[in-house]
Amino acid sequence: MTKIDEPQKMHSESFFDSAQAKKLAAKNSTLGKLGADKDHKSTAFVIACRWIVDNQIEWSSTLLAAIYLWNSFVAGGESAMVKLQYRIPDDPQGRYTRGWNDIYYIARWVVIFTALRVILMQWILEPFARWYGVRSRRKVTRFGEQGWLTIYYILSNSAGLYVMHGSPYWMNTKGLWTDYPEGHKQMTALMKSYYLIQLGFWFQQVFVILIEEHRKDFFAMFTHHIITCNLMGWSLYMNFTRIGNAILCLMDSSDIFLSGTKCIRYLGFERVAMGSFIVFILSWVYTRHYLYFKLMHSIIYESTTIIGFDSWDPKNGSFYSYNVVLAFGVLLALLQILIIYWFALVLRVVYRVIFLSNYDD
């Protein structure tokens, strides 16, 4: 084992690498004035994006400091970026509704997750991997990335299950739709915080996938993130947060074992990683296929019998209609296609391990 190294600057290959900037700058010398001006703007954009990637701790911590100073000295502790908005007056349970100012709260969490991710990776996870003896720079970086995801999914899944526990829809799919919209548009502080924070995480993940080294499934992963952000955003707006909470819990549970298994492998615990990989496959099939299809059945059929297509009333928070069910059904079906695609890749890994003794990531 070696001594813990000093934190290094975050650097991942992406479109915004300085090599691309140099390439565009070189083209400027051979173009006409108009073309050169356009490429100059492109080069400036690339350099600016590269600066954002390389200085995530600096700009995110500066933004957070400004947000909290503004909240304390200007907004009097009432800033929409820091405090939940739209509390229902005189509500004995202190519940909230949703509104457009929630966007500011989500934006703050995007910045928080940017700072937390880089700090944990550079100052804790990657130094730990090097101290433990991981020599490959790629594996050290990947350990940091997957370690951060493992930590987040454990926390988010625990919070999601806690929100579900004791709710009308705990182990009861019909409870996902009862009392809509009144019982849905009124959220506890815990439920609303959980949902907005999750939205912040997934918006931040779109940023992350763009700055990380693009992998073979980049397009599939990017599509997944866009679909997820749309499902969460529209479900919040249309007061379908119960079903959103349930689906998030299904996704997070298997992700814990996926990211955790990779971390275990990077540290060299092959047998433990194999056991964890088996648990991951079982959890994936159970949550992302079996339970997922049960929820889709509930969305398409159960919701119709409980709510009914004649309940469209946006002024009172009811957005249920045939077209809405169809739209959510299509997005969830597209998400399931991606999940099936990834499961096919998982099965290919299983084949390589069993028949080719290939343990590559």
# chains A, B, ... in the order shown; residues from 1 in each chain; ligands from 1
call {"tool": "residues_around", "arguments": {"residues": "Leu331 of chain A", "least_positions_apart": "4", "cutoff": "8 Å", "atoms": "only C-alpha atoms", "output": "mmCIF file with all heavy atoms, in the first residue's frame"}}
result
data_model
loop_
_atom_site.group_PDB
_atom_site.id
_atom_site.type_symbol
_atom_site.label_atom_id
_atom_site.label_comp_id
_atom_site.auth_asym_id
_atom_site.auth_seq_id
_atom_site.Cartn_x
_atom_site.Cartn_y
_atom_site.Cartn_z
ATOM 1 N N ILE A 227 -35.034 10.840 -20.474
ATOM 2 C CA ILE A 227 -36.356 10.260 -20.184
ATOM 3 C C ILE A 227 -36.669 10.367 -18.693
ATOM 4 O O ILE A 227 -37.783 10.725 -18.296
ATOM 5 C CB ILE A 227 -36.416 8.792 -20.645
ATOM 6 C CG1 ILE A 227 -36.369 8.708 -22.175
ATOM 7 C CG2 ILE A 227 -37.694 8.114 -20.130
ATOM 8 C CD1 ILE A 227 -36.296 7.282 -22.704
ATOM 9 N N LEU A 231 -39.827 12.225 -17.051
ATOM 10 C CA LEU A 231 -40.803 11.511 -16.220
ATOM 11 C C LEU A 231 -40.947 12.170 -14.853
ATOM 12 O O LEU A 231 -42.067 12.355 -14.350
ATOM 13 C CB LEU A 231 -40.374 10.047 -16.065
ATOM 14 C CG LEU A 231 -40.609 9.129 -17.261
ATOM 15 C CD1 LEU A 231 -39.917 7.790 -17.044
ATOM 16 C CD2 LEU A 231 -42.110 8.918 -17.481
ATOM 17 N N ALA A 327 -48.827 9.013 -22.857
ATOM 18 C CA ALA A 327 -47.500 9.643 -22.874
ATOM 19 C C ALA A 327 -46.579 9.014 -21.829
ATOM 20 O O ALA A 327 -45.423 8.676 -22.126
ATOM 21 C CB ALA A 327 -47.645 11.138 -22.624
ATOM 22 N N LEU A 335 -38.021 3.458 -21.605
ATOM 23 C CA LEU A 335 -37.082 3.196 -20.516
ATOM 24 C C LEU A 335 -36.868 1.695 -20.334
ATOM 25 O O LEU A 335 -35.742 1.240 -20.117
ATOM 26 C CB LEU A 335 -37.623 3.811 -19.221
ATOM 27 C CG LEU A 335 -36.617 4.082 -18.100
ATOM 28 C CD1 LEU A 335 -35.510 5.015 -18.569
ATOM 29 C CD2 LEU A 335 -37.329 4.659 -16.888
#
call {"tool": "residues_around", "arguments": {"residues": "segment 157-162 of chain A", "least_positions_apart": "6", "cutoff": "8 Å", "atoms": "only C-alpha atoms", "output": "ChimeraX atom specification"}}
result
/A:194,245-246,248-249,252-253
call {"tool": "residues_around", "arguments": {"residues": "Tyr286 of chain A", "least_positions_apart": "6", "cutoff": "12 Å", "atoms": "only C-alpha atoms", "output": "PyMOL selection string"}}
result
chain A and resi 250-251+253-254+279-280+292-294
call {"tool": "residues_around", "arguments": {"residues": "Val118 of chain A", "least_positions_apart": "3", "cutoff": "10 Å", "atoms": "only C-alpha atoms", "output": "JSON, numbers by chain"}}
result
{"A": [9, 10, 55, 56, 57, 60, 113, 114, 115, 121, 122, 123, 124, 125, 144, 145, 148]}
call {"tool": "atom_distance", "arguments": {"atom1": "atom CA of Tyr152 of chain A", "atom2": "atom CA of Ile256 of chain A"}}
result
8.5 Å
call {"tool": "atom_distance", "arguments": {"atom1": "atom CA of Tyr237 of chain A", "atom2": "atom CA of Thr97 of chain A"}}
result
9.9 Å
call {"tool": "residues_around", "arguments": {"residues": "Gly268 of chain A", "least_positions_apart": "6", "cutoff": "12 Å", "atoms": "only C-alpha atoms", "output": "ChimeraX atom specification"}}
result
/A:129,132-135,139,143,261-262,274,359
call {"tool": "write_last_selection", "arguments": {"atoms": "N, CA, C and O atoms", "output": "PDB file, in the first residue's frame"}}
result
ATOM      1  N   ALA A 129      -8.409   4.661  -3.081  1.00  0.00           N
ATOM      2  CA  ALA A 129      -8.077   3.613  -4.049  1.00  0.00           C
ATOM      3  C   ALA A 129      -6.570   3.543  -4.271  1.00  0.00           C
ATOM      4  O   ALA A 129      -5.986   2.449  -4.316  1.00  0.00           O
ATOM      5  N   TYR A 132      -4.905   2.077  -1.253  1.00  0.00           N
ATOM      6  CA  TYR A 132      -5.141   0.639  -1.126  1.00  0.00           C
ATOM      7  C   TYR A 132      -4.280  -0.164  -2.099  1.00  0.00           C
ATOM      8  O   TYR A 132      -4.102  -1.362  -1.932  1.00  0.00           O
ATOM      9  N   GLY A 133      -3.773   0.497  -3.130  1.00  0.00           N
ATOM     10  CA  GLY A 133      -2.881  -0.203  -4.035  1.00  0.00           C
ATOM     11  C   GLY A 133      -3.351  -0.285  -5.466  1.00  0.00           C
ATOM     12  O   GLY A 133      -2.733  -0.971  -6.286  1.00  0.00           O
ATOM     13  N   VAL A 134      -4.433   0.411  -5.812  1.00  0.00           N
ATOM     14  CA  VAL A 134      -4.908   0.411  -7.195  1.00  0.00           C
ATOM     15  C   VAL A 134      -3.948   1.270  -8.016  1.00  0.00           C
ATOM     16  O   VAL A 134      -3.764   2.460  -7.733  1.00  0.00           O
ATOM     17  N   ARG A 135      -3.327   0.690  -9.013  1.00  0.00           N
ATOM     18  CA  ARG A 135      -2.281   1.372  -9.779  1.00  0.00           C
ATOM     19  C   ARG A 135      -2.811   2.050 -11.044  1.00  0.00           C
ATOM     20  O   ARG A 135      -2.313   3.097 -11.446  1.00  0.00           O
ATOM     21  N   LYS A 139      -8.732   2.861 -13.395  1.00  0.00           N
ATOM     22  CA  LYS A 139      -9.470   2.191 -12.331  1.00  0.00           C
ATOM     23  C   LYS A 139      -9.661   3.104 -11.119  1.00  0.00           C
ATOM     24  O   LYS A 139     -10.697   3.043 -10.447  1.00  0.00           O
ATOM     25  N   PHE A 143     -13.226   3.978  -9.833  1.00  0.00           N
ATOM     26  CA  PHE A 143     -13.583   3.696  -8.447  1.00  0.00           C
ATOM     27  C   PHE A 143     -14.228   4.936  -7.815  1.00  0.00           C
ATOM     28  O   PHE A 143     -15.218   4.818  -7.074  1.00  0.00           O
ATOM     29  N   THR A 261     -20.607  -3.438  -6.867  1.00  0.00           N
ATOM     30  CA  THR A 261     -19.844  -4.566  -7.407  1.00  0.00           C
ATOM     31  C   THR A 261     -18.606  -4.082  -8.150  1.00  0.00           C
ATOM     32  O   THR A 261     -17.523  -4.657  -8.029  1.00  0.00           O
ATOM     33  N   LYS A 262     -18.754  -3.022  -8.920  1.00  0.00           N
ATOM     34  CA  LYS A 262     -17.606  -2.479  -9.655  1.00  0.00           C
ATOM     35  C   LYS A 262     -16.527  -1.993  -8.694  1.00  0.00           C
ATOM     36  O   LYS A 262     -15.333  -2.237  -8.918  1.00  0.00           O
ATOM     37  N   MET A 274     -17.943 -11.384  -7.253  1.00  0.00           N
ATOM     38  CA  MET A 274     -18.773 -12.366  -7.949  1.00  0.00           C
ATOM     39  C   MET A 274     -20.086 -12.579  -7.196  1.00  0.00           C
ATOM     40  O   MET A 274     -21.172 -12.633  -7.803  1.00  0.00           O
ATOM     41  N   TYR A 359     -13.002 -11.322 -16.875  1.00  0.00           N
ATOM     42  CA  TYR A 359     -13.598 -10.531 -15.794  1.00  0.00           C
ATOM     43  C   TYR A 359     -13.502  -9.028 -16.035  1.00  0.00           C
ATOM     44  O   TYR A 359     -13.573  -8.245 -15.101  1.00  0.00           O
TER      45      TYR A 359
END
call {"tool": "residues_around", "arguments": {"residues": "segment 303-315 of chain A", "least_positions_apart": "4", "cutoff": "10 Å", "atoms": "only C-alpha atoms", "output": "list in words"}}
result
Thr173, Lys174, Gly175, Leu176, Trp177, Thr178, Asp179, Tyr180, Pro181, Met238, His297, Ser298, Ile299, Phe319, Tyr320, Ser321, Tyr322, Asn323, Val324 and Val325 of chain A
call {"tool": "write_last_selection", "arguments": {"atoms": "C-alpha atoms", "output": "PDB file, in the first residue's frame"}}
result
ATOM      1  CA  THR A 173     -50.477  -0.473  -6.116  1.00  0.00           C
ATOM      2  CA  LYS A 174     -54.089   0.716  -5.868  1.00  0.00           C
ATOM      3  CA  GLY A 175     -52.910   3.224  -3.282  1.00  0.00           C
ATOM      4  CA  LEU A 176     -50.875   4.879  -6.034  1.00  0.00           C
ATOM      5  CA  TRP A 177     -54.113   6.309  -7.439  1.00  0.00           C
ATOM      6  CA  THR A 178     -56.613   6.625  -4.586  1.00  0.00           C
ATOM      7  CA  ASP A 179     -57.691  10.154  -3.592  1.00  0.00           C
ATOM      8  CA  TYR A 180     -56.268  11.705  -6.763  1.00  0.00           C
ATOM      9  CA  PRO A 181     -55.674  14.627  -7.019  1.00  0.00           C
ATOM     10  CA  MET A 238     -49.181  16.623 -12.771  1.00  0.00           C
ATOM     11  CA  HIS A 297     -49.871  -2.550 -15.498  1.00  0.00           C
ATOM     12  CA  SER A 298     -51.078  -0.400 -12.615  1.00  0.00           C
ATOM     13  CA  ILE A 299     -50.518   2.793 -14.640  1.00  0.00           C
ATOM     14  CA  PHE A 319     -54.182  15.994 -15.069  1.00  0.00           C
ATOM     15  CA  TYR A 320     -55.407  12.453 -15.634  1.00  0.00           C
ATOM     16  CA  SER A 321     -56.517  11.666 -19.196  1.00  0.00           C
ATOM     17  CA  TYR A 322     -56.050   9.051 -21.886  1.00  0.00           C
ATOM     18  CA  ASN A 323     -53.313  11.094 -23.594  1.00  0.00           C
ATOM     19  CA  VAL A 324     -51.438  11.587 -20.332  1.00  0.00           C
ATOM     20  CA  VAL A 325     -51.527   7.850 -19.575  1.00  0.00           C
TER      21      VAL A 325
END
